[in-house]
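Listing of run.txt; format and content: compact mmCIF, C-alpha atoms.
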```
# COMPACT_ATOMS: atom_id res chain seq x y z
CA MET A 1 217.38 185.62 42.51
CA SER A 2 215.91 183.21 39.94
CA LEU A 3 216.40 179.46 39.92
CA TRP A 4 215.89 177.50 36.71
CA SER A 5 214.97 173.83 37.11
CA LEU A 6 214.61 171.10 34.49
CA SER A 7 211.74 168.61 34.85
CA LEU A 8 212.52 165.08 33.68
CA ASN A 9 210.06 162.61 32.20
CA SER A 10 210.14 159.40 34.25
CA ASN A 11 209.86 157.20 31.13
CA SER A 12 212.17 158.78 28.59
CA GLU A 13 214.38 160.78 31.03
CA ARG A 14 214.19 163.66 28.61
CA GLY A 15 213.50 167.18 29.64
CA SER A 16 209.80 167.81 29.51
CA GLY A 17 209.83 171.41 30.64
CA LEU A 18 211.94 174.29 31.89
CA HIS A 19 210.52 176.02 34.94
CA LYS A 20 211.56 179.25 36.61
CA ALA A 21 211.24 179.51 40.39
CA GLU A 22 211.83 182.63 42.48
CA THR A 23 214.12 182.22 45.51
CA HIS A 24 215.08 184.64 48.26
CA GLU A 25 218.60 185.95 48.82
CA PHE A 26 220.42 183.73 51.31
CA ASP A 27 220.84 185.34 54.73
CA PHE A 28 223.38 183.52 56.87
CA SER A 29 222.26 185.29 60.05
CA SER A 30 218.86 183.59 59.76
CA TYR A 31 220.32 180.17 58.98
CA SER A 32 219.27 177.70 61.69
CA ASP A 33 222.65 175.90 61.82
CA ARG A 34 224.81 179.01 61.65
CA ASP A 35 226.45 178.10 64.99
CA HIS A 36 227.56 174.68 63.79
CA VAL A 37 231.23 173.82 64.35
CA THR A 38 231.71 173.62 60.58
CA PHE A 39 231.43 177.40 60.35
CA ALA A 40 233.77 178.10 63.26
CA SER A 41 237.06 179.87 62.58
CA PRO A 42 240.08 177.56 62.46
CA HIS A 43 242.46 177.59 65.38
CA PRO A 44 245.35 180.03 64.79
CA VAL A 45 248.78 178.61 64.12
CA ASN A 46 250.59 181.46 65.85
CA LEU A 47 248.15 183.99 67.28
CA LEU A 48 249.52 187.52 67.42
CA PRO A 49 248.76 189.45 70.60
CA THR A 50 246.58 192.54 70.43
CA GLY A 51 245.73 195.41 72.72
CA PRO A 52 247.05 198.86 73.67
CA GLU A 53 250.35 197.45 74.91
CA TYR A 54 251.05 195.98 71.46
CA VAL A 55 250.35 199.09 69.39
CA THR A 56 253.14 199.87 66.91
CA GLN A 57 255.23 202.82 68.02
CA GLN A 58 257.08 205.16 65.70
CA PHE A 59 260.13 207.24 66.55
CA MET A 60 261.84 209.94 64.53
CA LEU A 61 265.56 209.19 64.59
CA GLY A 62 267.99 212.05 64.93
CA THR A 63 270.27 212.98 62.06
CA VAL A 64 273.94 212.05 62.32
CA HIS A 65 277.06 212.82 60.30
CA ILE A 66 277.91 209.25 59.33
CA GLU A 67 278.38 208.25 55.70
CA GLU A 68 276.55 205.21 54.32
CA ALA A 69 278.72 204.40 51.32
CA SER A 70 281.13 202.10 53.19
CA TYR A 71 280.81 198.98 55.31
CA GLU A 72 282.32 200.81 58.26
CA GLY A 73 279.81 203.64 57.95
CA ASN A 74 276.86 201.26 57.91
CA ASP A 75 278.31 199.40 60.89
CA GLN A 76 278.48 202.68 62.81
CA LEU A 77 274.93 203.55 61.81
CA ILE A 78 273.59 200.26 63.13
CA ARG A 79 275.09 200.99 66.53
CA GLU A 80 273.87 204.59 66.40
CA TRP A 81 270.25 203.74 65.57
CA LEU A 82 270.14 201.06 68.26
CA ARG A 83 271.57 203.56 70.73
CA GLN A 84 268.85 206.09 69.88
CA LEU A 85 266.22 203.37 70.34
CA ASN A 86 267.70 202.42 73.73
CA LEU A 87 268.52 198.95 72.45
CA ASP A 88 272.27 199.15 72.96
CA SER A 89 272.61 197.85 76.52
CA LEU A 90 273.93 194.33 77.09
CA GLN A 91 270.50 193.14 78.24
CA GLU A 92 268.78 194.62 75.19
CA GLN A 93 271.42 193.14 72.91
CA GLN A 94 270.67 189.71 74.36
CA LYS A 95 266.94 190.21 73.79
CA THR A 96 267.58 191.35 70.24
CA GLY A 97 269.80 188.39 69.47
CA LEU A 98 267.40 185.86 70.98
CA PHE A 99 263.87 187.16 70.43
CA ARG A 100 263.68 190.14 68.07
CA VAL A 101 263.41 190.48 64.32
CA ILE A 102 263.98 194.02 63.04
CA GLY A 103 263.30 195.12 59.48
CA TRP A 104 265.99 197.43 58.12
CA VAL A 105 264.91 199.51 55.12
CA GLY A 106 267.36 201.36 52.92
CA ASP A 107 268.25 202.07 49.33
CA GLN A 108 269.97 199.51 47.13
CA LEU A 109 273.47 200.56 48.17
CA THR A 110 272.60 200.33 51.87
CA ALA A 111 271.05 196.90 51.36
CA GLU A 112 274.18 195.68 49.56
CA ARG A 113 276.48 197.03 52.27
CA LEU A 114 274.43 195.35 55.01
CA ARG A 115 274.45 192.04 53.16
CA GLY A 116 278.21 192.42 52.93
CA LEU A 117 278.35 192.88 56.70
CA PHE A 118 276.41 189.63 57.08
CA LYS A 119 279.21 187.83 55.23
CA PHE A 120 281.96 189.51 57.25
CA ARG A 121 280.26 188.61 60.53
CA ALA A 122 279.15 185.10 59.61
CA GLN A 123 281.68 183.53 61.99
CA ASP A 124 280.95 185.79 64.98
CA LEU A 125 280.14 184.13 68.29
CA ASN A 126 276.48 185.08 68.80
CA SER A 127 273.35 185.92 66.83
CA TYR A 128 273.47 189.59 67.80
CA GLU A 129 276.96 190.13 66.41
CA ARG A 130 276.10 188.07 63.31
CA LEU A 131 273.11 190.38 62.69
CA ASP A 132 270.78 187.37 62.54
CA TRP A 133 268.00 189.59 63.88
CA MET A 134 268.12 191.98 60.92
CA VAL A 135 265.91 191.63 57.84
CA VAL A 136 267.18 193.90 55.07
CA VAL A 137 264.55 195.42 52.78
CA PHE A 138 265.53 197.60 49.85
CA GLY A 139 263.69 200.89 49.43
CA TRP A 140 260.64 200.55 47.19
CA PHE A 141 260.76 204.28 46.47
CA HIS A 142 263.95 203.81 44.49
CA LEU A 143 262.32 200.99 42.54
CA GLN A 144 259.44 203.32 41.67
CA MET A 145 261.91 205.92 40.45
CA ALA A 146 263.73 203.35 38.32
CA PHE A 147 260.43 202.13 36.85
CA ALA A 148 259.31 205.67 36.00
CA ASN A 149 262.66 206.39 34.37
CA SER A 150 262.33 203.17 32.36
CA LEU A 151 258.90 204.23 31.11
CA HIS A 152 260.34 207.62 30.18
CA LYS A 153 263.15 206.01 28.20
CA GLN A 154 260.87 203.56 26.37
CA TYR A 155 257.93 205.80 25.51
CA LEU A 156 259.31 209.34 25.29
CA GLY A 157 258.90 209.58 21.51
CA THR A 158 258.64 212.94 19.75
CA ASN A 159 256.17 215.79 19.43
CA ALA A 160 255.03 214.40 16.09
CA GLY A 161 254.37 210.92 17.48
CA ARG A 162 252.08 209.46 20.11
CA GLY A 163 254.55 209.11 22.95
CA LEU A 164 255.07 210.90 26.22
CA MET A 165 256.76 213.87 24.57
CA GLN A 166 253.59 214.79 22.70
CA ALA A 167 251.57 214.56 25.92
CA PHE A 168 254.13 216.66 27.83
CA THR A 169 253.88 219.33 25.14
CA LEU A 170 250.07 219.38 25.10
CA LEU A 171 249.96 219.50 28.90
CA GLU A 172 252.67 222.17 28.97
CA ARG A 173 254.78 220.14 31.38
CA LYS A 174 258.28 221.60 31.42
CA GLY A 175 261.55 219.88 32.31
CA LEU A 176 260.48 216.35 31.39
CA ASN A 177 262.39 216.01 28.13
CA SER A 178 265.30 214.17 29.76
CA VAL A 179 265.80 212.20 32.97
CA GLN A 180 267.21 214.22 35.85
CA THR A 181 268.42 213.14 39.27
CA ARG A 182 267.98 216.50 41.00
CA GLY A 183 264.98 218.64 41.69
CA PRO A 184 261.32 217.63 41.43
CA PHE A 185 261.78 215.67 38.18
CA HIS A 186 260.58 212.33 39.54
CA GLN A 187 257.49 213.80 41.20
CA ASN A 188 256.59 215.74 38.05
CA LEU A 189 257.12 212.65 35.89
CA HIS A 190 255.06 210.51 38.27
CA ASP A 191 252.15 212.98 38.19
CA ALA A 192 252.32 213.30 34.41
CA ILE A 193 252.31 209.52 33.86
CA LEU A 194 249.26 209.12 36.10
CA LEU A 195 247.45 211.93 34.30
CA ILE A 196 248.24 210.49 30.86
CA ALA A 197 247.17 207.01 31.97
CA GLU A 198 243.87 208.37 33.30
CA ALA A 199 243.24 210.16 30.01
CA HIS A 200 243.84 206.96 28.04
CA PHE A 201 241.50 204.98 30.30
CA ARG A 202 238.76 207.58 29.97
CA ALA A 203 239.16 207.59 26.19
CA CYS A 204 238.64 203.83 25.93
```

Now, as a test, write the supplied structure out as structure tokens.
Amino acid sequence: MSLWSLSLNSNSERGSGLHKAETHEFDFSSYSDRDHVTFASPHPVNLLPTGPEYVTQQFMLGTVHIEEASYEGNDQLIREWLRQLNLDSLQEQQKTGLFRVIGWVGDQLTAERLRGLFKFRAQDLNSYERLDWMVVVFGWFHLQMAFANSLHKQYLGTNAGRGLMQAFTLLERKGLNSVQTRGPFHQNLHDAILLIAEAHFRAC
């Protein structure tokens, strides 16, 4: 590392010379005051516990024949998933209502139905029945699909142009001319967009 310093003339206070001095890379481990309280980590506001007993556990839920298009179906699914997780007893319900926060991930329709249940249960007697413990998160996968479909619609173009259609033709990617909701269309479109983007970046 080089350090440039400017020497000043004591009479005119004008720069009388520009000097270059070599300095060593700073090594904090060799710093004499490295243990000073200034460098200590701040106290945590709400320290999360760690250790084997706090490791996140994952469970594969069993499939059930319950539709998700209605409020009633989503209400049944909530009870079913909690039953499979052994959280349906009265004691566990009390713990859930008082101490737990559970993220609930679903597609946009599921998220809307659950938010509707929040409104229907807003006047229930306790936090468990009001679903206060539930945090609804819409599925990001569906957002990715919508974004890819939007790119397809905006930049498809033609074989004679410079859009996606020309790239699909040159890459011999079949079945990407129009948006489809069935089959591997989204995966194929996703892979093609990444490949085209990489080619553009490499060509820059």

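Here CA of Leu117 (chain A) is placed at a distance of 18.5 Å from CA of Asp88 (chain A).
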
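Distance-wise, CA of Gly62 (chain A) and CA of Leu82 (chain A) end up 11.7 Å apart.
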
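Atom to atom, CA of Leu171 (chain A) and CA of Ala197 (chain A) stand 13.2 Å apart.
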
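When all atoms listed in the file are used to measure the gap to His200 (chain A), the shortest distance among A:Arg121, A:Arg113, A:Arg162, A:Gly157 belongs to A:Arg162.
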
Of the residues A:Ala192, A:Tyr155, A:Phe141, A:His186, which is the one nearest to Leu170 (chain A), using only C-alpha atoms? A:Ala192

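Considering all atoms listed in the file, the residue among A:Ser30, A:Asn46, A:Thr63, A:Thr110 positioned nearest to Asp75 (chain A) is A:Thr110.
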
Among listed residues A:Glu72, A:Ala148, A:Ala167, A:Gly103, nearest Ala199 (chain A) (using only C-alpha atoms): A:Ala167

Tell me which protein, DNA and RNA residues are within 12 Å of Gln180 (chain A), counting only C-alpha atoms, leaving out same-chain ones fewer than 2 positions away, and put them as an MDAnalysis selection string. chainID A and resid 145:146 148:149 152:153 175:178 182:189

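Considering all atoms listed in the file, the residue among A:Leu151, A:Lys119, A:Ile193, A:Ala160 positioned nearest to Arg173 (chain A) is A:Ile193.
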
Nearby residues, (262.1, 199.8, 64.1) file frame, 12 Å, only C-alpha atoms, as a VMD selection string: chain A and resid 56 to 61 78 81 to 82 84 to 87 96 100 to 105 133 to 136

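Using all atoms listed in the file, the shortest contact distance between Gln93 (chain A) and any of A:Ser127, A:Gln108, A:Thr181, A:Ser70 is found at A:Ser127.
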